[in-house]
file upload25.txt (compact mmCIF, C-alpha atoms and all ligand atoms)
# COMPACT_ATOMS: atom_id res chain seq x y z
CA MET A 1 -6.80 31.14 -10.46
CA GLY A 2 -7.69 27.54 -9.71
CA ASP A 3 -5.62 24.69 -8.33
CA LYS A 4 -3.90 21.77 -10.01
CA TYR A 5 -5.09 18.29 -9.08
CA ILE A 6 -4.09 14.76 -9.91
CA ALA A 7 -6.96 12.27 -9.88
CA ILE A 8 -6.01 8.62 -9.41
CA MET A 9 -8.66 6.18 -10.62
CA ALA A 10 -8.26 2.71 -9.09
CA SER A 11 -11.24 0.78 -10.37
CA HIS A 12 -10.49 -2.43 -12.25
CA ARG A 13 -13.43 -1.65 -14.53
CA LYS A 14 -13.37 1.02 -17.18
CA ASN A 15 -16.23 3.51 -17.15
CA LYS A 16 -18.11 1.84 -14.31
CA PHE A 17 -19.29 3.45 -11.09
CA THR A 18 -15.98 4.67 -9.66
CA GLU A 19 -14.83 6.21 -12.90
CA LYS A 20 -18.25 7.76 -13.63
CA TYR A 21 -18.47 9.39 -10.19
CA LEU A 22 -14.88 10.55 -10.50
CA ASP A 23 -15.47 12.04 -13.95
CA LYS A 24 -18.46 13.97 -12.60
CA TYR A 25 -16.36 15.31 -9.74
CA ILE A 26 -13.56 16.29 -12.12
CA GLU A 27 -16.05 18.03 -14.39
CA GLU A 28 -17.18 20.21 -11.49
CA LEU A 29 -13.61 21.04 -10.49
CA VAL A 30 -12.77 22.06 -14.06
CA GLU A 31 -15.95 24.16 -14.28
CA ASP A 32 -14.71 25.96 -11.17
CA GLY A 33 -11.45 26.83 -12.94
CA ASN A 34 -9.19 24.05 -11.63
CA GLU A 35 -6.90 21.84 -13.70
CA VAL A 36 -7.08 18.08 -13.29
CA GLU A 37 -4.82 15.35 -14.62
CA LYS A 38 -6.59 11.99 -14.44
CA ILE A 39 -4.70 8.73 -14.41
CA SER A 40 -6.35 5.31 -14.50
CA LEU A 41 -4.13 2.80 -12.75
CA ARG A 42 -5.54 0.05 -14.98
CA ASP A 43 -3.76 1.68 -17.94
CA TYR A 44 -0.35 1.30 -16.30
CA ASP A 45 1.84 -1.73 -15.88
CA ILE A 46 2.47 -1.85 -12.11
CA GLY A 47 4.17 -4.82 -10.52
CA ILE A 48 4.10 -5.74 -6.85
CA CYS A 49 6.56 -4.39 -4.29
CA LYS A 50 9.20 -7.09 -3.83
CA ALA A 51 10.14 -5.86 -0.34
CA CYS A 52 13.77 -5.99 -1.49
CA GLY A 53 14.81 -2.89 0.46
CA TYR A 54 16.37 -1.24 -2.61
CA CYS A 55 14.50 2.05 -1.98
CA GLY A 56 15.87 2.07 1.58
CA ARG A 57 19.40 2.04 0.20
CA ASN A 58 18.89 4.25 -2.87
CA TYR A 59 17.10 7.58 -2.38
CA GLY A 60 14.07 7.99 -4.66
CA LYS A 61 14.64 4.78 -6.57
CA CYS A 62 12.74 1.55 -7.00
CA CYS A 63 14.47 -1.36 -8.71
CA VAL A 64 11.29 -2.58 -10.42
CA GLU A 65 11.36 -1.12 -13.90
CA ASP A 66 7.79 -0.58 -14.95
CA ASP A 67 5.27 2.25 -15.28
CA MET A 68 5.64 3.26 -11.63
CA GLN A 69 8.69 5.21 -12.75
CA VAL A 70 6.31 7.52 -14.69
CA LEU A 71 3.85 7.68 -11.80
CA TYR A 72 6.54 8.59 -9.24
CA GLU A 73 7.35 11.65 -11.35
CA LYS A 74 3.68 12.65 -11.42
CA LEU A 75 3.34 12.20 -7.64
CA ARG A 76 6.19 14.55 -6.94
CA LYS A 77 4.59 17.44 -8.87
CA TYR A 78 1.14 17.72 -7.26
CA ARG A 79 -0.17 19.04 -3.92
CA ASN A 80 -3.86 18.28 -4.54
CA PHE A 81 -4.94 14.67 -4.87
CA ILE A 82 -8.16 12.82 -5.54
CA PHE A 83 -7.99 9.09 -4.96
CA ALA A 84 -11.00 7.21 -6.31
CA SER A 85 -11.35 3.53 -5.54
CA PRO A 86 -14.05 0.92 -5.27
CA VAL A 87 -14.42 -0.71 -1.87
CA TYR A 88 -13.09 -4.27 -1.91
CA PHE A 89 -13.40 -6.13 1.39
CA ASN A 90 -13.80 -2.84 3.27
CA THR A 91 -10.68 -1.30 1.81
CA VAL A 92 -9.36 -0.04 -1.52
CA SER A 93 -9.16 -2.20 -4.66
CA SER A 94 -6.28 -4.63 -5.10
CA LEU A 95 -5.00 -2.45 -7.95
CA ALA A 96 -4.87 0.52 -5.57
CA LYS A 97 -3.09 -1.61 -2.96
CA ILE A 98 -0.42 -2.71 -5.46
CA PHE A 99 0.17 0.94 -6.37
CA ILE A 100 0.27 2.03 -2.71
CA ASP A 101 2.74 -0.71 -1.74
CA ARG A 102 5.07 0.58 -4.44
CA CYS A 103 4.95 3.95 -2.67
CA GLN A 104 7.11 2.46 0.07
CA MET A 105 9.79 4.37 -1.86
CA LEU A 106 8.08 7.63 -0.77
CA PHE A 107 8.01 6.42 2.83
CA GLU A 108 11.79 5.82 2.74
CA CYS A 109 12.38 9.30 1.29
CA LYS A 110 10.44 11.00 4.05
CA TYR A 111 11.21 8.91 7.13
CA ASN A 112 14.56 7.27 6.37
CA TYR A 113 16.34 9.95 4.31
CA ARG A 114 14.31 12.81 5.84
CA LYS A 115 14.03 14.36 2.41
CA PRO A 116 10.41 14.10 1.23
CA TRP A 117 9.74 13.15 -2.37
CA SER A 118 7.44 16.08 -3.19
CA ASP A 119 8.83 19.08 -5.07
CA SER A 120 7.08 21.43 -2.66
CA GLU A 121 7.07 21.61 1.14
CA GLU A 122 3.55 23.02 1.09
CA LYS A 123 1.00 20.79 2.85
CA GLY A 124 -1.19 19.01 0.33
CA ARG A 125 -4.92 18.27 0.25
CA GLY A 126 -6.33 14.82 -0.32
CA ILE A 127 -9.84 13.92 -1.37
CA ILE A 128 -11.01 10.33 -1.24
CA LEU A 129 -13.85 9.03 -3.38
CA SER A 130 -14.95 5.58 -2.28
CA VAL A 131 -17.55 3.56 -4.15
CA ALA A 132 -19.14 0.52 -2.52
CA GLY A 133 -21.64 -1.98 -3.84
CA ALA A 134 -23.55 -2.92 -0.69
CA CYS A 135 -26.01 -0.90 1.38
CA GLU A 136 -24.30 1.20 4.02
CA TYR A 137 -22.91 -0.75 6.98
CA GLU A 138 -20.46 -0.15 9.82
CA ASN A 139 -16.79 0.11 8.85
CA GLN A 140 -17.56 -0.13 5.10
CA PHE A 141 -15.14 2.71 4.32
CA LYS A 142 -12.85 2.52 7.33
CA GLY A 143 -10.13 0.41 5.70
CA SER A 144 -9.93 2.74 2.70
CA GLU A 145 -9.50 5.75 4.95
CA ILE A 146 -6.79 4.12 7.04
CA ILE A 147 -4.71 2.97 4.07
CA LEU A 148 -5.10 6.22 2.14
CA ASP A 149 -4.18 8.25 5.20
CA ALA A 150 -0.95 6.22 5.40
CA PHE A 151 -0.34 6.72 1.68
CA PHE A 152 -0.98 10.47 1.81
CA LYS A 153 1.23 11.01 4.87
CA ASN A 154 4.26 10.08 2.77
CA LEU A 155 3.44 13.00 0.50
CA ASN A 156 2.61 15.38 3.36
CA VAL A 157 -1.01 15.39 2.28
CA GLU A 158 -3.94 15.72 4.66
CA ILE A 159 -7.32 14.16 3.92
CA VAL A 160 -9.81 17.03 3.68
CA GLU A 161 -12.82 15.13 2.38
CA HIS A 162 -14.00 11.54 2.03
CA ILE A 163 -16.88 11.15 -0.38
CA LYS A 164 -18.68 7.86 0.25
CA ILE A 165 -21.03 6.28 -2.24
CA CYS A 166 -22.75 2.98 -1.66
CA GLU A 167 -25.41 0.62 -3.09
CA THR A 168 -23.94 0.57 -6.59
CA ASP A 169 -24.59 -3.17 -6.84
CA PHE A 170 -28.34 -2.38 -6.83
CA LYS A 171 -28.13 0.15 -9.66
C1 LIG B 1 -13.50 -8.29 -4.97
C2 LIG B 1 -14.65 -7.42 -4.60
C3 LIG B 1 -14.84 -7.08 -3.28
C4 LIG B 1 -15.88 -6.24 -2.90
N1 LIG B 1 -16.03 -5.92 -1.58
C5 LIG B 1 -17.01 -5.06 -1.20
C6 LIG B 1 -17.16 -4.69 0.16
O1 LIG B 1 -16.39 -5.10 1.04
N2 LIG B 1 -18.16 -3.83 0.49
C7 LIG B 1 -19.05 -3.31 -0.43
O2 LIG B 1 -19.93 -2.56 -0.07
N3 LIG B 1 -18.91 -3.64 -1.75
C8 LIG B 1 -17.92 -4.50 -2.16
N4 LIG B 1 -17.78 -4.83 -3.50
C9 LIG B 1 -18.65 -4.19 -4.50
C10 LIG B 1 -17.96 -3.02 -5.20
O3 LIG B 1 -17.49 -2.06 -4.27
C11 LIG B 1 -18.92 -2.32 -6.19
O4 LIG B 1 -19.36 -3.24 -7.16
C12 LIG B 1 -18.29 -1.10 -6.87
O5 LIG B 1 -19.26 -0.47 -7.65
C13 LIG B 1 -17.13 -1.51 -7.75
O6 LIG B 1 -16.61 -0.37 -8.40
P1 LIG B 1 -16.69 -0.23 -10.01
O7 LIG B 1 -18.14 -0.09 -10.35
O8 LIG B 1 -15.89 0.95 -10.34
O9 LIG B 1 -16.09 -1.49 -10.56
C14 LIG B 1 -16.76 -5.71 -3.90
C15 LIG B 1 -16.57 -6.06 -5.24
C16 LIG B 1 -15.53 -6.90 -5.59
C17 LIG B 1 -15.34 -7.26 -7.06

call {"tool": "encode", "arguments": {"input": "upload25.txt", "output": "structure tokens"}}
result
Amino acid sequence: MGDKYIAIMASHRKNKFTEKYLDKYIEELVEDGNEVEKISLRDYDIGICKACGYCGRNYGKCCVEDDMQVLYEKLRKYRNFIFASPVYFNTVSSLAKIFIDRCQMLFECKYNYRKPWSDSEEKGRGIILSVAGACEYENQFKGSEIILDAFFKNLNVEIVEHIKICETDFK
């Protein structure tokens, strides 16, 4: 029996390089007998974290009422994650960053309440798919790895693979 994955697509552009590479990767996982739920962040209404501290005072809650409420429920169910983002200024896209900032709620659950958000205590696996436009250069993917490591830690997920694609702006 295969595993269940959630694939988070953080490109601002529909069906461009990040999404195409992700779809290919998902196709292979499904061929191997895994199940994958794909979500495109661009399809969700996600506001910025207001840094109001509400999640620090109310376990598992964020006072911003938008589509993150749906996404929090999805995040709690999965142990296998694929996070696909374009590289913007050597880190993830701004859409990804807005989503990640809203996961401060998960940080509070784990480190303040000491009751992690995930349904399962099993250690999770995280796969990063980063897509960059320029030719390969030093530190091109470093920011993405640092921020996604911080994001995944809140869910007790370890990065097991970072797939790096570059030169899309020449294709
Ligand atoms: C705001 C912005 C910042 C970018 N910064 C970088 C960068 O730091 N390094 C790089 O190699 N490419 C950079 N790119 C190029 C994108 O990573 C590239 O076009 C990628 O294919 C975008 O993903 P998409 O095809 O899914 O939209 C940037 C593009 C934009 C729009």

call {"tool": "atom_distance", "arguments": {"input": "upload25.txt", "atom1": "atom CA of A:Leu129", "atom2": "atom CA of A:Met1"}}
result
24.3 Å

call {"tool": "axis_aligned_box", "arguments": {"input": "upload25.txt", "around": "ligand LIG 1 (chain B)", "padding_each_side": "3 Å", "output": "JSON"}}
result
{"center_x": -16.7, "center_y": -3.7, "center_z": -4.8, "size_x": 12.4, "size_y": 15.2, "size_z": 17.6}

call {"tool": "atom_distance", "arguments": {"input": "upload25.txt", "atom1": "atom CA of A:Arg125", "atom2": "atom CA of A:Asn80"}}
result
4.9 Å

call {"tool": "residues_near_ligand", "arguments": {"input": "upload25.txt", "ligand": "ligand LIG 1 (chain B)", "cutoff": "6 Å", "atoms": "only C-alpha atoms and all ligand atoms", "output": "count of residues only"}}
result
19

call {"tool": "atom_distance", "arguments": {"input": "upload25.txt", "atom1": "atom CA of A:Asn139", "atom2": "atom CA of A:Thr91"}}
result
9.4 Å

call {"tool": "residues_around", "arguments": {"input": "upload25.txt", "residues": "A:Asp119", "least_positions_apart": "3", "cutoff": "10 Å", "atoms": "all atoms listed in the file", "output": "PyMOL selection string"}}
result
chain A and resi 73+75-79+116+122+155

call {"tool": "closest_residue", "arguments": {"input": "upload25.txt", "among": "A:Lys123, A:Lys142, A:Lys38, A:Lys153", "to": "A:Phe107", "atoms": "only C-alpha atoms"}}
result
A:Lys153

call {"tool": "decode", "arguments": {"input": "upload25.txt", "residues": "stretch 46-82 of chain A", "atoms": "N, CA, C and O atoms", "output": "compact mmCIF listing (two decimals), in the first residue's frame"}}
result
# COMPACT_ATOMS: atom_id res chain seq x y z
N ILE A 46 -6.00 33.90 1.19
CA ILE A 46 -5.15 33.83 2.39
C ILE A 46 -4.62 35.23 2.71
O ILE A 46 -3.83 35.80 1.96
N GLY A 47 -5.06 35.75 3.84
CA GLY A 47 -4.60 37.07 4.26
C GLY A 47 -3.30 36.98 5.04
O GLY A 47 -2.87 35.89 5.43
N ILE A 48 -2.69 38.13 5.28
CA ILE A 48 -1.41 38.13 6.01
C ILE A 48 -1.63 37.89 7.51
O ILE A 48 -2.69 38.18 8.04
N CYS A 49 -0.58 37.36 8.15
CA CYS A 49 -0.59 37.23 9.61
C CYS A 49 -0.55 38.64 10.18
O CYS A 49 0.29 39.46 9.79
N LYS A 50 -1.45 38.92 11.12
CA LYS A 50 -1.50 40.27 11.70
C LYS A 50 -0.62 40.40 12.93
O LYS A 50 -0.59 41.45 13.56
N ALA A 51 0.04 39.33 13.30
CA ALA A 51 0.92 39.34 14.49
C ALA A 51 0.15 39.81 15.73
O ALA A 51 0.70 40.51 16.58
N CYS A 52 -1.12 39.42 15.83
CA CYS A 52 -1.98 39.90 16.92
C CYS A 52 -1.80 39.08 18.19
O CYS A 52 -2.25 39.49 19.26
N GLY A 53 -1.20 37.89 18.06
CA GLY A 53 -0.98 37.06 19.24
C GLY A 53 -2.18 36.20 19.62
O GLY A 53 -2.12 35.47 20.62
N TYR A 54 -3.25 36.26 18.83
CA TYR A 54 -4.47 35.50 19.15
C TYR A 54 -4.16 34.00 19.27
O TYR A 54 -4.63 33.34 20.19
N CYS A 55 -3.36 33.46 18.34
CA CYS A 55 -3.06 32.02 18.36
C CYS A 55 -2.23 31.63 19.58
O CYS A 55 -2.24 30.48 20.01
N GLY A 56 -1.53 32.59 20.17
CA GLY A 56 -0.77 32.33 21.39
C GLY A 56 -1.65 32.27 22.62
O GLY A 56 -1.24 31.77 23.66
N ARG A 57 -2.86 32.79 22.47
CA ARG A 57 -3.80 32.78 23.62
C ARG A 57 -4.94 31.79 23.44
O ARG A 57 -5.69 31.52 24.36
N ASN A 58 -5.09 31.28 22.18
CA ASN A 58 -6.21 30.39 21.87
C ASN A 58 -5.68 29.20 21.07
O ASN A 58 -5.38 29.33 19.87
N TYR A 59 -5.57 28.04 21.73
CA TYR A 59 -4.97 26.87 21.08
C TYR A 59 -5.64 26.55 19.73
O TYR A 59 -6.87 26.43 19.65
N GLY A 60 -4.82 26.43 18.70
CA GLY A 60 -5.31 25.96 17.40
C GLY A 60 -6.23 26.92 16.68
O GLY A 60 -6.92 26.53 15.74
N LYS A 61 -6.20 28.19 17.08
CA LYS A 61 -7.12 29.14 16.43
C LYS A 61 -6.36 30.35 15.88
O LYS A 61 -5.37 30.79 16.46
N CYS A 62 -6.88 30.82 14.76
CA CYS A 62 -6.37 32.06 14.17
C CYS A 62 -7.59 32.96 13.99
O CYS A 62 -8.64 32.50 13.56
N CYS A 63 -7.44 34.24 14.34
CA CYS A 63 -8.63 35.10 14.32
C CYS A 63 -8.97 35.58 12.90
O CYS A 63 -10.05 36.13 12.67
N VAL A 64 -8.06 35.37 11.95
CA VAL A 64 -8.35 35.81 10.58
C VAL A 64 -9.26 34.78 9.93
O VAL A 64 -8.87 33.61 9.78
N GLU A 65 -10.44 35.19 9.57
CA GLU A 65 -11.39 34.23 9.00
C GLU A 65 -11.31 34.24 7.48
O GLU A 65 -11.87 35.10 6.83
N ASP A 66 -10.55 33.29 6.98
CA ASP A 66 -10.41 33.16 5.53
C ASP A 66 -10.15 31.69 5.21
O ASP A 66 -10.39 30.82 6.05
N ASP A 67 -9.60 31.42 4.03
CA ASP A 67 -9.46 30.01 3.63
C ASP A 67 -8.38 29.25 4.39
O ASP A 67 -8.26 28.03 4.25
N MET A 68 -7.59 29.94 5.21
CA MET A 68 -6.59 29.22 6.01
C MET A 68 -7.29 28.24 6.95
O MET A 68 -6.72 27.22 7.32
N GLN A 69 -8.51 28.55 7.32
CA GLN A 69 -9.23 27.65 8.23
C GLN A 69 -9.35 26.25 7.58
O GLN A 69 -9.22 25.23 8.25
N VAL A 70 -9.60 26.23 6.28
CA VAL A 70 -9.70 24.96 5.53
C VAL A 70 -8.31 24.32 5.44
O VAL A 70 -8.15 23.12 5.63
N LEU A 71 -7.31 25.15 5.19
CA LEU A 71 -5.95 24.60 5.02
C LEU A 71 -5.38 24.06 6.33
O LEU A 71 -4.68 23.04 6.33
N TYR A 72 -5.69 24.70 7.45
CA TYR A 72 -5.23 24.17 8.75
C TYR A 72 -5.75 22.73 8.94
O TYR A 72 -5.03 21.86 9.43
N GLU A 73 -6.98 22.50 8.57
CA GLU A 73 -7.56 21.15 8.73
C GLU A 73 -6.83 20.14 7.84
O GLU A 73 -6.60 19.00 8.22
N LYS A 74 -6.45 20.57 6.64
CA LYS A 74 -5.71 19.66 5.75
C LYS A 74 -4.32 19.38 6.34
O LYS A 74 -3.85 18.25 6.32
N LEU A 75 -3.67 20.41 6.87
CA LEU A 75 -2.31 20.24 7.40
C LEU A 75 -2.27 19.25 8.57
O LEU A 75 -1.28 18.57 8.77
N ARG A 76 -3.33 19.19 9.30
CA ARG A 76 -3.30 18.31 10.48
C ARG A 76 -3.40 16.83 10.11
O ARG A 76 -2.98 15.96 10.86
N LYS A 77 -3.91 16.55 8.91
CA LYS A 77 -4.19 15.16 8.51
C LYS A 77 -3.01 14.41 7.92
O LYS A 77 -2.99 13.19 7.89
N TYR A 78 -2.06 15.15 7.32
CA TYR A 78 -1.02 14.49 6.52
C TYR A 78 0.32 14.35 7.24
O TYR A 78 0.66 15.19 8.08
N ARG A 79 1.10 13.32 6.85
CA ARG A 79 2.46 13.15 7.36
C ARG A 79 3.48 13.26 6.22
O ARG A 79 4.68 13.28 6.47
N ASN A 80 3.01 13.27 4.99
CA ASN A 80 3.92 13.38 3.84
C ASN A 80 3.57 14.64 3.04
O ASN A 80 2.42 14.80 2.61
N PHE A 81 4.57 15.49 2.88
CA PHE A 81 4.33 16.79 2.26
C PHE A 81 5.26 17.02 1.07
O PHE A 81 6.44 16.66 1.13
N ILE A 82 4.70 17.65 0.06
CA ILE A 82 5.54 18.17 -1.04
C ILE A 82 5.24 19.66 -1.09
O ILE A 82 4.07 20.05 -1.12
